[in-house]
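Coordinates as given in coords_5.tsv (TSV, C-alpha atoms):
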```
chain	number	residue	atom	x	y	z
A	1	GLY	CA	-29.83	-0.90	-11.83
A	2	VAL	CA	-30.49	2.52	-13.33
A	3	GLU	CA	-34.24	2.10	-12.83
A	4	PHE	CA	-33.66	1.21	-9.17
A	5	VAL	CA	-31.55	4.35	-8.66
A	6	GLU	CA	-34.15	6.52	-10.39
A	7	ASP	CA	-36.86	5.02	-8.19
A	8	GLN	CA	-34.85	5.60	-5.01
A	9	LEU	CA	-34.07	9.20	-5.96
A	10	GLY	CA	-37.56	9.93	-7.22
A	11	ILE	CA	-36.45	11.07	-10.69
A	12	ASP	CA	-37.55	10.07	-14.19
A	13	ASN	CA	-34.24	10.15	-16.07
A	14	LEU	CA	-30.88	9.77	-14.34
A	15	TYR	CA	-29.05	10.97	-17.43
A	16	GLU	CA	-30.80	14.32	-17.83
A	17	ALA	CA	-28.38	17.26	-17.78
A	18	ALA	CA	-29.77	18.46	-14.46
A	19	ASN	CA	-28.93	15.09	-12.89
A	20	SER	CA	-25.33	14.87	-14.11
A	21	PRO	CA	-23.90	15.35	-10.56
A	22	LEU	CA	-25.92	12.31	-9.47
A	23	VAL	CA	-24.23	10.15	-12.12
A	24	SER	CA	-20.85	11.16	-10.74
A	25	TYR	CA	-21.96	10.34	-7.19
A	26	LEU	CA	-23.28	6.96	-8.36
A	27	ASN	CA	-20.04	6.09	-10.15
A	28	ASN	CA	-18.03	7.02	-7.05
A	29	CYS	CA	-20.24	4.82	-4.88
A	30	LEU	CA	-19.74	1.86	-7.21
A	31	LYS	CA	-15.97	2.39	-7.23
A	32	ALA	CA	-15.88	2.73	-3.44
A	33	LYS	CA	-17.82	-0.51	-3.02
A	34	GLU	CA	-16.14	-2.68	-5.65
A	35	LEU	CA	-12.66	-1.27	-6.34
A	36	PHE	CA	-11.37	0.34	-3.15
A	37	GLN	CA	-10.48	-2.26	-0.53
A	38	ARG	CA	-10.17	-1.59	3.18
A	39	ASP	CA	-6.73	-2.48	4.60
A	40	LYS	CA	-5.28	-2.40	1.11
A	41	ASP	CA	-6.05	0.97	-0.47
A	42	TYR	CA	-6.92	2.65	2.82
A	43	ILE	CA	-7.37	2.02	6.53
A	44	VAL	CA	-9.98	3.30	8.97
A	45	ARG	CA	-8.52	4.73	12.17
A	46	ASP	CA	-10.26	6.81	14.83
A	47	GLY	CA	-13.29	7.26	12.59
A	48	GLU	CA	-11.24	8.53	9.66
A	49	VAL	CA	-10.45	7.05	6.24
A	50	ILE	CA	-6.67	7.30	5.64
A	51	ILE	CA	-5.07	6.49	2.29
A	52	VAL	CA	-2.30	3.86	2.12
A	53	ASP	CA	0.44	4.57	-0.44
A	54	GLU	CA	0.45	1.67	-2.92
A	55	PHE	CA	4.23	1.90	-3.41
A	56	THR	CA	5.52	2.43	0.13
A	57	GLY	CA	2.73	0.91	2.21
A	58	ARG	CA	2.72	3.98	4.43
A	59	VAL	CA	-0.31	6.01	5.48
A	60	LEU	CA	-0.74	9.37	3.78
A	61	VAL	CA	-2.10	11.44	6.66
A	62	GLY	CA	-3.91	14.54	5.44
A	63	ARG	CA	-4.22	13.30	1.85
A	64	ARG	CA	-7.69	12.73	0.41
A	65	TYR	CA	-9.06	11.37	-2.85
A	66	ASN	CA	-10.63	14.12	-4.92
A	67	GLU	CA	-13.83	14.60	-6.95
A	68	GLY	CA	-16.01	13.07	-4.23
A	69	MET	CA	-14.22	9.72	-4.12
A	70	HIS	CA	-13.10	10.11	-0.51
A	71	GLN	CA	-16.61	11.03	0.57
A	72	ALA	CA	-17.98	7.90	-1.11
A	73	ILE	CA	-15.54	5.73	0.82
A	74	GLU	CA	-16.44	7.54	4.06
A	75	ALA	CA	-20.11	6.78	3.37
A	76	LYS	CA	-19.23	3.13	2.70
A	77	GLU	CA	-17.36	2.88	6.02
A	78	LYS	CA	-20.08	4.78	7.89
A	79	VAL	CA	-17.74	7.44	9.26
A	80	GLU	CA	-18.11	11.23	9.22
A	81	ILE	CA	-18.28	12.55	5.65
A	82	LYS	CA	-15.99	15.55	5.42
A	83	ALA	CA	-15.95	18.40	2.91
A	84	GLU	CA	-14.04	18.16	-0.35
A	85	ASN	CA	-10.53	19.60	-0.39
A	86	GLN	CA	-9.90	22.39	-2.87
A	87	THR	CA	-6.84	22.05	-5.10
A	88	LEU	CA	-5.39	25.47	-5.85
A	89	ALA	CA	-2.45	24.39	-8.02
A	90	THR	CA	-0.79	21.23	-9.34
A	91	ILE	CA	2.55	20.40	-10.94
A	92	THR	CA	4.04	17.17	-12.27
A	93	LEU	CA	7.13	15.74	-10.60
A	94	GLN	CA	9.10	16.19	-13.82
A	95	ASN	CA	8.32	19.90	-14.03
A	96	TYR	CA	8.85	20.36	-10.30
A	97	PHE	CA	12.36	18.91	-10.47
A	98	ARG	CA	13.17	21.18	-13.42
A	99	LEU	CA	12.84	24.14	-11.05
A	100	TYR	CA	16.18	23.15	-9.48
A	101	ASP	CA	19.55	23.95	-11.05
A	102	LYS	CA	21.18	20.81	-9.67
A	103	LEU	CA	19.69	17.36	-9.19
A	104	SER	CA	21.11	14.25	-7.54
A	105	GLY	CA	19.77	11.28	-5.67
A	106	MET	CA	20.42	7.82	-4.31
A	107	THR	CA	18.23	4.72	-4.64
A	108	GLY	CA	18.54	0.99	-4.97
A	109	THR	CA	16.64	0.90	-8.25
A	110	ALA	CA	18.13	3.74	-10.32
A	111	GLU	CA	19.93	1.58	-12.88
A	112	THR	CA	16.71	0.06	-14.23
A	113	GLU	CA	15.42	3.59	-14.92
A	114	ALA	CA	18.68	4.97	-16.33
A	115	ALA	CA	17.23	5.65	-19.78
A	116	GLU	CA	14.31	7.65	-18.36
A	117	LEU	CA	16.54	9.64	-16.01
A	118	HIS	CA	18.81	10.56	-18.92
A	119	GLU	CA	15.96	11.42	-21.28
A	120	ILE	CA	13.99	13.60	-18.87
A	121	TYR	CA	16.63	15.07	-16.55
A	122	LYS	CA	19.88	14.53	-18.50
A	123	LEU	CA	21.25	12.68	-15.48
A	124	GLY	CA	23.66	9.77	-15.55
A	125	VAL	CA	23.47	6.76	-13.23
A	126	VAL	CA	26.57	5.48	-11.43
A	127	PRO	CA	26.22	2.01	-9.81
A	128	ILE	CA	28.06	1.70	-6.49
A	129	PRO	CA	29.43	-1.81	-5.82
A	130	THR	CA	28.54	-3.59	-2.60
A	131	ASN	CA	30.93	-3.14	0.32
A	132	ARG	CA	30.94	-6.88	0.92
A	133	ASP	CA	30.47	-9.88	-1.33
A	134	MET	CA	26.86	-10.85	-1.98
A	135	VAL	CA	25.78	-13.71	0.31
A	136	ARG	CA	22.10	-13.75	-0.62
A	137	LYS	CA	20.86	-16.89	-2.35
A	138	ASP	CA	18.17	-16.36	-4.98
A	139	GLN	CA	15.96	-19.46	-5.02
A	140	THR	CA	13.67	-20.53	-7.85
A	141	ASP	CA	10.01	-19.50	-7.70
A	142	LEU	CA	7.46	-21.80	-6.06
A	143	ILE	CA	3.95	-21.79	-7.53
A	144	TYR	CA	0.82	-22.96	-5.70
A	145	LYS	CA	-2.69	-23.64	-6.96
A	146	THR	CA	-4.35	-21.48	-4.32
A	147	GLU	CA	-3.40	-18.55	-2.14
A	148	GLU	CA	-4.29	-20.57	0.95
A	149	ALA	CA	-1.83	-23.31	-0.03
A	150	LYS	CA	0.84	-20.67	-0.54
A	151	PHE	CA	0.30	-19.15	2.90
A	152	ILE	CA	0.35	-22.58	4.56
A	153	ALA	CA	3.71	-23.28	2.90
A	154	VAL	CA	4.99	-19.87	4.03
A	155	ALA	CA	3.87	-20.55	7.61
A	156	ASP	CA	5.55	-23.98	7.52
A	157	ASP	CA	8.80	-22.40	6.34
A	158	ILE	CA	8.62	-19.71	9.02
A	159	ALA	CA	8.03	-22.33	11.74
A	160	GLU	CA	11.07	-24.32	10.60
A	161	ARG	CA	13.35	-21.28	10.58
A	162	TYR	CA	11.96	-20.01	13.88
A	163	GLU	CA	12.88	-23.31	15.55
A	164	LYS	CA	16.46	-22.81	14.33
A	165	GLY	CA	16.55	-19.29	15.74
A	166	GLN	CA	16.91	-17.71	12.31
A	167	PRO	CA	15.41	-14.20	12.04
A	168	VAL	CA	12.77	-14.04	9.30
A	169	LEU	CA	11.26	-11.10	7.41
A	170	ILE	CA	8.13	-11.84	5.37
A	171	GLY	CA	6.93	-9.31	2.81
A	172	THR	CA	3.22	-9.15	1.95
A	173	THR	CA	1.34	-7.03	-0.56
A	174	SER	CA	-1.25	-5.41	1.72
A	175	VAL	CA	-2.33	-4.78	5.31
A	176	GLU	CA	-5.05	-7.40	4.86
A	177	ARG	CA	-2.62	-10.15	3.83
A	178	SER	CA	-0.12	-9.26	6.55
A	179	GLU	CA	-2.89	-9.66	9.13
A	180	TYR	CA	-4.03	-12.93	7.53
A	181	LEU	CA	-0.54	-14.40	7.86
A	182	SER	CA	-0.28	-13.01	11.40
A	183	ARG	CA	-3.41	-14.95	12.39
A	184	MET	CA	-1.89	-18.14	10.97
A	185	LEU	CA	1.26	-17.61	13.03
A	186	GLN	CA	-0.79	-16.91	16.15
A	187	LYS	CA	-2.52	-20.27	15.75
A	188	ARG	CA	0.91	-21.90	15.61
A	189	ARG	CA	1.99	-19.87	18.66
A	190	ILE	CA	4.92	-18.31	16.83
A	191	PRO	CA	5.84	-14.92	18.38
A	192	HIS	CA	6.11	-12.21	15.73
A	193	ASN	CA	5.76	-8.51	14.98
A	194	VAL	CA	3.55	-6.99	12.29
A	195	LEU	CA	4.72	-3.89	10.45
A	196	ASN	CA	2.03	-2.28	8.33
A	197	ALA	CA	0.20	1.02	7.92
A	198	LYS	CA	-1.80	0.42	11.10
A	199	PHE	CA	1.32	0.21	13.24
A	200	HIS	CA	3.57	2.74	11.50
A	201	GLU	CA	4.18	4.57	14.80
A	202	GLN	CA	5.93	1.44	16.10
A	203	GLU	CA	8.13	1.09	13.01
A	204	ALA	CA	11.44	2.03	14.64
A	205	GLY	CA	11.01	-0.46	17.48
A	206	ILE	CA	9.89	-3.29	15.20
A	207	VAL	CA	12.76	-2.74	12.76
A	208	ALA	CA	15.28	-2.60	15.62
A	209	GLU	CA	14.21	-6.09	16.74
A	210	ALA	CA	13.86	-7.62	13.27
A	211	GLY	CA	17.41	-8.99	13.03
A	212	ARG	CA	17.57	-10.57	16.46
A	213	ARG	CA	17.77	-14.32	16.97
A	214	GLY	CA	14.37	-15.97	16.40
A	215	ALA	CA	12.67	-12.69	15.45
A	216	VAL	CA	9.78	-13.07	13.00
A	217	THR	CA	8.57	-9.90	11.28
A	218	VAL	CA	5.55	-9.79	8.97
A	219	ALA	CA	5.51	-6.62	6.90
A	220	THR	CA	4.03	-4.88	3.90
A	221	ASN	CA	6.23	-2.92	1.49
A	222	MET	CA	6.88	-0.52	4.40
A	223	ALA	CA	9.89	-2.70	5.22
A	224	GLY	CA	12.44	-1.20	2.84
A	225	ARG	CA	15.94	-2.50	2.32
A	226	GLY	CA	17.37	0.35	4.36
```
If you convert what's in this file into structure tokens, what do you get?
Amino acid sequence: GVEFVEDQLGIDNLYEAANSPLVSYLNNCLKAKELFQRDKDYIVRDGEVIIVDEFTGRVLVGRRYNEGMHQAIEAKEKVEIKAENQTLATITLQNYFRLYDKLSGMTGTAETEAAELHEIYKLGVVPIPTNRDMVRKDQTDLIYKTEEAKFIAVADDIAERYEKGQPVLIGTTSVERSEYLSRMLQKRRIPHNVLNAKFHEQEAGIVAEAGRRGAVTVATNMAGRG
């Protein structure tokens, strides 16, 4: 592989000091090709590569990977390669929060991180009980040999609940998988909405309809509990 690159670039030794930038470019190209997945790590919209937040599933408009990584992905997707952003200053979240005299917050997952919140910020965690008794039923896990078998079972379950008029929300791990399941439902002629990074502008309308009778909503982790 190295010999091929040297031949294509017309150089004798890729690892000479003068060629060190080329090694960085090469590594970025390999990462862009093999590690960064379209419709999972990023989407392409209007000729632009837009990052998808791995935790929230939302697009990070204006954010770019640094050190040439974004440019490598743009080259991979054959869109306009834009100049590198310049970072003037950085700060960790922990140090940023320490700039405030008072800290408070509300989240559905604070209790699991109580030790960290106390250690770093000296903050206590107070669980608030539910307003109504819990009616959710936690079922045992179902394990399938293949991902295809799992999605078929999911589609079967959706079809059964749709016939009963029960609203259904299906959480998927990426834009790609949400669209895969959407295609399966289309083949079964099951009306549904898709909520992912590509349709974030329609989020309010999709969420408003999600609880209606017979509504089927396929979402990524954009669909929070709120």
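Note that atom CA of A:Val61 and atom CA of A:Leu195 are 17.2 Å apart.
You will find atom CA of A:Ala18 at 21.1 Å from atom CA of A:Glu84.
The residue set within 12 Å of A:Ile120, counting all atoms listed in the file and dropping same-chain residues fewer than 6 places from it, reads Leu93, Gln94, Asn95, Phe97, Arg98, Leu103, Glu113 and Ala114 of chain A.
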Selection above as a file: C-alpha atoms, as a PDB file, keeping the file's coordinate frame:
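Below you can see result26.pdb, which holds the result:
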```
ATOM      1  CA  LEU A  93       7.130  15.740 -10.600  1.00  0.00           C
ATOM      2  CA  GLN A  94       9.100  16.190 -13.820  1.00  0.00           C
ATOM      3  CA  ASN A  95       8.320  19.900 -14.030  1.00  0.00           C
ATOM      4  CA  PHE A  97      12.360  18.910 -10.470  1.00  0.00           C
ATOM      5  CA  ARG A  98      13.170  21.180 -13.420  1.00  0.00           C
ATOM      6  CA  LEU A 103      19.690  17.360  -9.190  1.00  0.00           C
ATOM      7  CA  GLU A 113      15.420   3.590 -14.920  1.00  0.00           C
ATOM      8  CA  ALA A 114      18.680   4.970 -16.330  1.00  0.00           C
TER       9      ALA A 114
END
```
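Distance check against A:Glu179 using all atoms listed in the file: of A:Lys40, A:Glu111, A:Leu117, A:Ala208, the minimum falls on A:Lys40.
Residues in contact range of A:Gly62, defined as at most 10 Å between all atoms listed in the file, with sequence neighbours fewer than 5 positions away removed, read Val49, Ile50 and Ile51 of chain A.
Distance annotation: of A:Ile128, A:Leu142, A:Leu185, A:Val194, the residue with the minimal separation from A:Ala155 is A:Leu185; atom set is all atoms listed in the file.
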List the neighbours of A:Leu181 out to 9 Å using all atoms listed in the file; skip same-chain residues closer than 5 positions along the sequence, and give me the result as a list in words.
Phe151, Ile152, Val154, Ala155, Thr172, Glu176, Gln186 and Val218 of chain A
Given the point (-12.6, 1.9, -5.9) in the coordinates of this file, which residues lie within 12 Å, counting only C-alpha atoms, and how would they look as a VMD selection string?
chain A and resid 27 to 38 40 to 42 65 68 to 73 76
Would you work out the distance separating atom CA of A:Asp141 from atom CA of A:Ile170, expressed in Å to one decimal?
15.3 Å
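Near A:Gly105, within a cut-off of 12 Å and counting all atoms listed in the file, sit the residues A:Phe97, A:Ala110, A:Leu117, A:Tyr121, A:Leu123, A:Gly124, A:Val125, A:Val126, with same-chain residues fewer than 5 positions away left out.
Closest approach to A:Asp53 from the set A:Arg183, A:Val79, A:Asp156, A:Asp39 is made by A:Asp39, with distances taken over only C-alpha atoms.
The smallest atom-to-atom distance between A:Ala215 and any of A:Arg177, A:Lys145, A:Arg161, A:Lys187, using only C-alpha atoms, is found for A:Arg161.
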